[in-house]
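The next block is query_6.cif, given as mmCIF, C-alpha atoms.
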data_data
#
loop_
_atom_site.group_PDB
_atom_site.id
_atom_site.type_symbol
_atom_site.label_atom_id
_atom_site.label_comp_id
_atom_site.auth_asym_id
_atom_site.auth_seq_id
_atom_site.Cartn_x
_atom_site.Cartn_y
_atom_site.Cartn_z
ATOM 1 C CA MET A 1 11.397 -26.249 -35.506
ATOM 2 C CA VAL A 2 11.155 -22.505 -34.928
ATOM 3 C CA LEU A 3 7.927 -20.709 -35.669
ATOM 4 C CA ALA A 4 7.982 -17.037 -36.432
ATOM 5 C CA PHE A 5 5.010 -14.746 -36.324
ATOM 6 C CA SER A 6 4.666 -11.353 -37.864
ATOM 7 C CA VAL A 7 2.481 -8.770 -36.179
ATOM 8 C CA PRO A 8 1.937 -5.413 -37.820
ATOM 9 C CA VAL A 9 3.813 -2.824 -35.778
ATOM 10 C CA SER A 10 1.071 -0.247 -36.250
ATOM 11 C CA LEU A 11 -1.454 -2.569 -34.611
ATOM 12 C CA VAL A 12 0.753 -3.154 -31.556
ATOM 13 C CA ALA A 13 1.633 0.524 -31.261
ATOM 14 C CA SER A 14 -1.971 1.666 -31.490
ATOM 15 C CA CYS A 15 -3.100 -0.736 -28.752
ATOM 16 C CA ALA A 16 -0.281 0.294 -26.429
ATOM 17 C CA ALA A 17 -0.861 3.977 -27.080
ATOM 18 C CA GLU A 18 -4.387 3.748 -25.696
ATOM 19 C CA ASP A 19 -3.646 1.643 -22.620
ATOM 20 C CA PRO A 20 -1.586 3.312 -19.844
ATOM 21 C CA LEU A 21 -0.720 -0.049 -18.243
ATOM 22 C CA ALA A 22 0.509 -1.366 -21.586
ATOM 23 C CA GLN A 23 2.571 1.802 -21.968
ATOM 24 C CA GLN A 24 4.143 1.201 -18.551
ATOM 25 C CA ALA A 25 4.913 -2.413 -19.410
ATOM 26 C CA ALA A 26 6.367 -1.469 -22.788
ATOM 27 C CA ALA A 27 8.517 1.336 -21.364
ATOM 28 C CA GLY A 28 11.329 -1.099 -20.545
ATOM 29 C CA ASP A 29 12.456 1.038 -17.606
ATOM 30 C CA GLY A 30 12.697 -1.941 -15.262
ATOM 31 C CA LYS A 31 10.680 -0.346 -12.479
ATOM 32 C CA ASN A 32 8.864 -3.669 -11.870
ATOM 33 C CA TYR A 33 5.626 -2.195 -10.623
ATOM 34 C CA ILE A 34 2.402 -0.931 -12.084
ATOM 35 C CA ALA A 35 1.655 2.455 -10.649
ATOM 36 C CA GLY A 36 -1.833 2.938 -9.338
ATOM 37 C CA ASP A 37 -3.756 5.840 -10.743
ATOM 38 C CA GLY A 38 -4.219 7.566 -7.397
ATOM 39 C CA SER A 39 -7.855 6.525 -7.290
ATOM 40 C CA VAL A 40 -9.547 6.703 -3.923
ATOM 41 C CA THR A 41 -12.261 4.302 -2.854
ATOM 42 C CA GLU A 42 -14.269 5.011 0.257
ATOM 43 C CA TYR A 43 -16.526 2.337 1.706
ATOM 44 C CA ALA A 44 -19.710 3.389 3.486
ATOM 45 C CA GLU A 45 -20.034 1.927 6.983
ATOM 46 C CA ALA A 46 -22.954 -0.254 5.897
ATOM 47 C CA ASP A 47 -20.942 -1.684 2.974
ATOM 48 C CA ARG A 48 -17.713 -2.567 4.761
ATOM 49 C CA GLY A 49 -18.453 -6.170 5.576
ATOM 50 C CA GLU A 50 -16.279 -8.172 7.947
ATOM 51 C CA PRO A 51 -13.052 -7.006 9.591
ATOM 52 C CA VAL A 52 -9.880 -7.947 7.731
ATOM 53 C CA ASP A 53 -7.919 -10.923 9.003
ATOM 54 C CA VAL A 54 -4.214 -10.138 8.714
ATOM 55 C CA THR A 55 -1.291 -11.887 10.359
ATOM 56 C CA GLY A 56 2.388 -11.337 9.709
ATOM 57 C CA SER A 57 5.803 -10.623 11.146
ATOM 58 C CA LEU A 58 7.513 -7.289 11.431
ATOM 59 C CA PHE A 59 11.157 -6.997 10.406
ATOM 60 C CA ASP A 60 12.151 -7.207 14.084
ATOM 61 C CA GLY A 61 10.452 -10.626 14.281
ATOM 62 C CA THR A 62 7.386 -9.496 16.237
ATOM 63 C CA SER A 63 4.231 -11.306 15.157
ATOM 64 C CA VAL A 64 1.299 -8.950 14.553
ATOM 65 C CA SER A 65 -2.343 -9.730 13.905
ATOM 66 C CA SER A 66 -5.198 -7.475 12.894
ATOM 67 C CA SER A 67 -6.891 -8.501 16.144
ATOM 68 C CA ASP A 68 -4.204 -6.368 17.861
ATOM 69 C CA TRP A 69 -5.710 -3.270 16.209
ATOM 70 C CA SER A 70 -9.206 -3.646 17.647
ATOM 71 C CA GLY A 71 -10.634 -0.291 18.644
ATOM 72 C CA GLN A 72 -8.164 1.841 16.717
ATOM 73 C CA VAL A 73 -7.959 3.262 13.235
ATOM 74 C CA THR A 74 -5.097 1.603 11.343
ATOM 75 C CA VAL A 75 -3.255 2.719 8.224
ATOM 76 C CA LEU A 76 -1.483 0.067 6.132
ATOM 77 C CA ASN A 77 0.916 1.273 3.449
ATOM 78 C CA PHE A 78 2.173 -1.310 0.933
ATOM 79 C CA TRP A 79 5.655 -0.320 -0.289
ATOM 80 C CA TYR A 80 9.209 -1.260 -1.193
ATOM 81 C CA ALA A 81 12.411 0.794 -1.263
ATOM 82 C CA SER A 82 13.024 1.209 -5.002
ATOM 83 C CA CYS A 83 9.412 2.198 -5.748
ATOM 84 C CA ALA A 84 9.598 5.868 -6.800
ATOM 85 C CA PRO A 85 6.058 6.799 -5.648
ATOM 86 C CA CYS A 86 6.756 5.078 -2.315
ATOM 87 C CA ARG A 87 9.748 7.341 -1.841
ATOM 88 C CA GLU A 88 7.697 10.390 -2.814
ATOM 89 C CA GLU A 89 4.894 9.721 -0.326
ATOM 90 C CA ALA A 90 7.130 8.685 2.604
ATOM 91 C CA PRO A 91 7.513 12.199 4.106
ATOM 92 C CA ASP A 92 3.731 12.686 4.026
ATOM 93 C CA LEU A 93 3.151 9.350 5.751
ATOM 94 C CA VAL A 94 5.637 10.341 8.462
ATOM 95 C CA ALA A 95 3.851 13.689 8.960
ATOM 96 C CA LEU A 96 0.430 12.013 9.115
ATOM 97 C CA HIS A 97 1.745 9.428 11.583
ATOM 98 C CA ASP A 98 3.101 12.216 13.777
ATOM 99 C CA GLU A 99 -0.226 14.055 13.618
ATOM 100 C CA TYR A 100 -2.614 11.119 14.039
ATOM 101 C CA GLY A 101 -0.582 8.655 16.117
ATOM 102 C CA PRO A 102 -1.314 10.623 19.327
ATOM 103 C CA GLN A 103 -5.019 10.552 18.390
ATOM 104 C CA GLY A 104 -5.034 6.759 18.316
ATOM 105 C CA ALA A 105 -4.253 5.906 14.701
ATOM 106 C CA ALA A 106 -1.771 3.080 14.180
ATOM 107 C CA PHE A 107 0.475 2.966 11.121
ATOM 108 C CA TYR A 108 2.208 -0.046 9.594
ATOM 109 C CA GLY A 109 4.212 -0.459 6.453
ATOM 110 C CA VAL A 110 3.889 -3.661 4.459
ATOM 111 C CA ASN A 111 7.152 -4.187 2.594
ATOM 112 C CA ILE A 112 6.465 -6.627 -0.210
ATOM 113 C CA ARG A 113 9.933 -7.002 -1.713
ATOM 114 C CA ASP A 114 12.993 -5.936 0.280
ATOM 115 C CA GLU A 115 15.485 -7.689 2.477
ATOM 116 C CA GLN A 116 15.627 -6.354 6.028
ATOM 117 C CA ALA A 117 18.769 -4.226 5.479
ATOM 118 C CA THR A 118 17.240 -2.493 2.440
ATOM 119 C CA ALA A 119 13.954 -1.817 4.230
ATOM 120 C CA GLU A 120 15.753 -0.469 7.293
ATOM 121 C CA ALA A 121 17.934 1.824 5.144
ATOM 122 C CA PHE A 122 14.788 3.252 3.526
ATOM 123 C CA GLU A 123 13.171 3.745 6.932
ATOM 124 C CA ARG A 124 16.290 5.512 8.279
ATOM 125 C CA SER A 125 16.575 7.727 5.183
ATOM 126 C CA PHE A 126 12.978 8.892 5.467
ATOM 127 C CA GLY A 127 12.685 8.840 9.264
ATOM 128 C CA ILE A 128 9.841 6.314 9.228
ATOM 129 C CA PRO A 129 8.693 6.062 12.877
ATOM 130 C CA TYR A 130 6.427 3.025 12.516
ATOM 131 C CA GLU A 131 7.195 -0.657 11.939
ATOM 132 C CA SER A 132 6.851 -2.560 8.686
ATOM 133 C CA PHE A 133 5.793 -6.089 7.982
ATOM 134 C CA ASN A 134 8.367 -8.251 6.228
ATOM 135 C CA ASP A 135 6.026 -9.500 3.514
ATOM 136 C CA LYS A 136 8.401 -10.962 0.944
ATOM 137 C CA ASP A 137 6.400 -14.191 1.226
ATOM 138 C CA GLY A 138 3.213 -12.266 0.335
ATOM 139 C CA GLY A 139 1.187 -13.404 3.341
ATOM 140 C CA VAL A 140 -0.181 -9.976 4.287
ATOM 141 C CA LEU A 141 -0.685 -9.081 0.621
ATOM 142 C CA LEU A 142 -2.617 -12.316 0.152
ATOM 143 C CA ASP A 143 -4.741 -11.548 3.223
ATOM 144 C CA MET A 144 -5.556 -8.148 1.677
ATOM 145 C CA THR A 145 -5.824 -9.196 -1.981
ATOM 146 C CA GLN A 146 -9.499 -8.210 -2.117
ATOM 147 C CA TYR A 147 -8.371 -4.598 -1.609
ATOM 148 C CA VAL A 148 -4.736 -4.518 -2.767
ATOM 149 C CA PRO A 149 -3.890 -5.541 -6.336
ATOM 150 C CA PRO A 150 -0.577 -7.462 -6.153
ATOM 151 C CA GLN A 151 1.340 -5.131 -8.483
ATOM 152 C CA ALA A 152 -0.283 -1.813 -7.503
ATOM 153 C CA VAL A 153 2.373 -0.389 -5.227
ATOM 154 C CA PRO A 154 2.067 1.800 -3.338
ATOM 155 C CA THR A 155 -1.397 1.158 -2.005
ATOM 156 C CA THR A 156 -2.638 2.633 1.256
ATOM 157 C CA ILE A 157 -5.534 1.180 3.242
ATOM 158 C CA VAL A 158 -7.398 2.827 6.136
ATOM 159 C CA LEU A 159 -9.125 0.446 8.546
ATOM 160 C CA ASP A 160 -11.890 1.653 10.844
ATOM 161 C CA ARG A 161 -11.991 0.919 14.582
ATOM 162 C CA GLU A 162 -13.667 -2.421 13.862
ATOM 163 C CA GLY A 163 -10.854 -3.462 11.513
ATOM 164 C CA ARG A 164 -12.891 -3.031 8.329
ATOM 165 C CA VAL A 165 -11.549 -1.292 5.247
ATOM 166 C CA SER A 166 -12.984 2.218 5.218
ATOM 167 C CA ALA A 167 -10.821 3.568 2.378
ATOM 168 C CA ARG A 168 -8.156 2.666 -0.169
ATOM 169 C CA ILE A 169 -5.754 4.713 -2.277
ATOM 170 C CA LEU A 170 -4.202 2.954 -5.274
ATOM 171 C CA GLY A 171 -0.913 4.618 -6.109
ATOM 172 C CA LEU A 172 0.685 7.684 -4.618
ATOM 173 C CA ALA A 173 -1.264 8.813 -1.546
ATOM 174 C CA ASP A 174 -2.019 12.528 -1.670
ATOM 175 C CA ARG A 175 -1.368 13.908 1.808
ATOM 176 C CA GLY A 176 -4.573 15.967 1.992
ATOM 177 C CA THR A 177 -6.715 13.090 0.787
ATOM 178 C CA LEU A 178 -5.190 10.572 3.203
ATOM 179 C CA LYS A 179 -5.509 13.102 6.027
ATOM 180 C CA ALA A 180 -9.240 13.427 5.319
ATOM 181 C CA LEU A 181 -9.692 9.648 5.181
ATOM 182 C CA ILE A 182 -7.930 9.155 8.516
ATOM 183 C CA SER A 183 -9.867 12.034 10.112
ATOM 184 C CA ASP A 184 -13.162 10.565 8.886
ATOM 185 C CA ALA A 185 -12.317 7.126 10.292
ATOM 186 C CA LEU A 186 -11.296 8.616 13.639
ATOM 187 C CA ALA A 187 -14.520 10.644 13.813
ATOM 188 C CA GLU A 188 -16.777 7.592 13.378
#
As structure tokens:
Amino acid sequence: MVLAFSVPVSLVASCAAEDPLAQQAAAGDGKNYIAGDGSVTEYAEADRGEPVDVTGSLFDGTSVSSSDWSGQVTVLNFWYASCAPCREEAPDLVALHDEYGPQGAAFYGVNIRDEQATAEAFERSFGIPYESFNDKDGGVLLDMTQYVPPQAVPTTIVLDREGRVSARILGLADRGTLKALISDALAE
């Protein structure tokens, strides 16, 4: 038995027209991500809670833990190669790495989707100087799920010297904004 339902098209269209996420889902463009809105959340030192507990493997097989970052500001950028905003922000992330790496900020990518060859091609194309986690299994994403919505890619997290989240950008990271967030964390 096949059941058929009829939904007034005007009702569906009016709901989708008011909801940007519904519009993205209905677009049918196959991009497979929900773009963040670029919102920035800063966490006051008193409200940061416990340090994050992250463990994962880089594409070269090196195991990395958040305990390795103790005493340094760390930037985590969640990305994958076919994500258009990820491609757009890559040159800014490289520039910020080059500026703040010598000042003690560590940068890591967290690739949530790609095979190693695809991730490495992206990194070569954009001259990414820092390593990325191979997170196809979602381990790092799961560790950070309190701060990183699973489908909001890219997302960029700034950790303070104690390993606590000091700031988050959902969606495309504006270079000036991320620069200020990293500078603030380094100045603490």
Could you write out as JSON the box around region 134-150 of chain A (axis-aligned, all atoms listed in the file, 6 Å on each side), with centre and edge lengths in Å to one decimal?
{"center_x": -0.5, "center_y": -9.4, "center_z": -0.1, "size_x": 29.9, "size_y": 21.7, "size_z": 24.6}
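Applying the 12 Å criterion to (4.4, 15.8, 8.8) in file coordinates and using only C-alpha atoms, one obtains the residues Glu89, Ala90, Pro91, Asp92, Leu93, Val94, Ala95, Leu96, His97, Asp98, Glu99, Tyr100, Gly101, Phe126, Gly127, Ile128, Pro129, Arg175, Gly176 and Lys179 of chain A.
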Any idea what's packed within 12 Å of Asp135 (chain A), counting all atoms listed in the file, ignoring anything in its chain fewer than 5 positions away? Could you give it as a PDB file with C-alpha atoms, in the frame of the given file?
ATOM      1  CA  VAL A  54      -4.214 -10.138   8.714  1.00  0.00           C
ATOM      2  CA  THR A  55      -1.291 -11.887  10.359  1.00  0.00           C
ATOM      3  CA  GLY A  56       2.388 -11.337   9.709  1.00  0.00           C
ATOM      4  CA  SER A  57       5.803 -10.623  11.146  1.00  0.00           C
ATOM      5  CA  LEU A  58       7.513  -7.289  11.431  1.00  0.00           C
ATOM      6  CA  PHE A  59      11.157  -6.997  10.406  1.00  0.00           C
ATOM      7  CA  GLY A  61      10.452 -10.626  14.281  1.00  0.00           C
ATOM      8  CA  SER A  63       4.231 -11.306  15.157  1.00  0.00           C
ATOM      9  CA  ASN A  77       0.916   1.273   3.449  1.00  0.00           C
ATOM     10  CA  PHE A  78       2.173  -1.310   0.933  1.00  0.00           C
ATOM     11  CA  TRP A  79       5.655  -0.320  -0.289  1.00  0.00           C
ATOM     12  CA  TYR A  80       9.209  -1.260  -1.193  1.00  0.00           C
ATOM     13  CA  TYR A 108       2.208  -0.046   9.594  1.00  0.00           C
ATOM     14  CA  GLY A 109       4.212  -0.459   6.453  1.00  0.00           C
ATOM     15  CA  VAL A 110       3.889  -3.661   4.459  1.00  0.00           C
ATOM     16  CA  ASN A 111       7.152  -4.187   2.594  1.00  0.00           C
ATOM     17  CA  ILE A 112       6.465  -6.627  -0.210  1.00  0.00           C
ATOM     18  CA  ARG A 113       9.933  -7.002  -1.713  1.00  0.00           C
ATOM     19  CA  ASP A 114      12.993  -5.936   0.280  1.00  0.00           C
ATOM     20  CA  GLU A 115      15.485  -7.689   2.477  1.00  0.00           C
ATOM     21  CA  GLN A 116      15.627  -6.354   6.028  1.00  0.00           C
ATOM     22  CA  ALA A 119      13.954  -1.817   4.230  1.00  0.00           C
ATOM     23  CA  VAL A 140      -0.181  -9.976   4.287  1.00  0.00           C
ATOM     24  CA  LEU A 141      -0.685  -9.081   0.621  1.00  0.00           C
ATOM     25  CA  LEU A 142      -2.617 -12.316   0.152  1.00  0.00           C
ATOM     26  CA  ASP A 143      -4.741 -11.548   3.223  1.00  0.00           C
ATOM     27  CA  MET A 144      -5.556  -8.148   1.677  1.00  0.00           C
ATOM     28  CA  PRO A 150      -0.577  -7.462  -6.153  1.00  0.00           C
TER      29      PRO A 150
END
field: Atom pair CA of Asp137 (chain A) / CA of Cys83 (chain A): separation (Å)
entry: 18.1 Å
task: Considering only C-alpha atoms, state which residue in the set A:Leu181, A:Ala187, A:Ala121, A:Cys86 is at the smallest distance from Ala152 (chain A).
output: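 Ranked by minimum distance to Ala152 (chain A), first place goes to A:Cys86.
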query: Which one of A:Asp53, A:Glu120, A:Glu88, A:Glu131 sits closest to Phe107 (chain A) if you count only C-alpha atoms?
result: A:Glu131
- request: Run the PyMOL selection byres ((chain A and resi 162-170) around 8) on the file and write out the hits as a PyMOL selection string.
  value: chain A and resi 35-45+48-52+66-67+69-74+147-148+152-161+171-173+181+185
field: Selected residue of minimal separation from Leu76 (chain A) among A:Pro102, A:Leu186, A:Val64, A:Ser132, counting all atoms listed in the file
entry: A:Ser132
Straight-line distance linking CA of Pro85 (chain A) with CA of Asp184 (chain A), stated in Å to one decimal: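 It comes out at 24.4 Å.
Note that CA of Asp47 (chain A) and CA of Thr177 (chain A) are 20.6 Å apart.
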statement: With distances taken over all atoms listed in the file, the candidate from A:Asp60, A:Ala180, A:Ala46, A:Ala84 nearest Asn134 (chain A) is A:Asp60
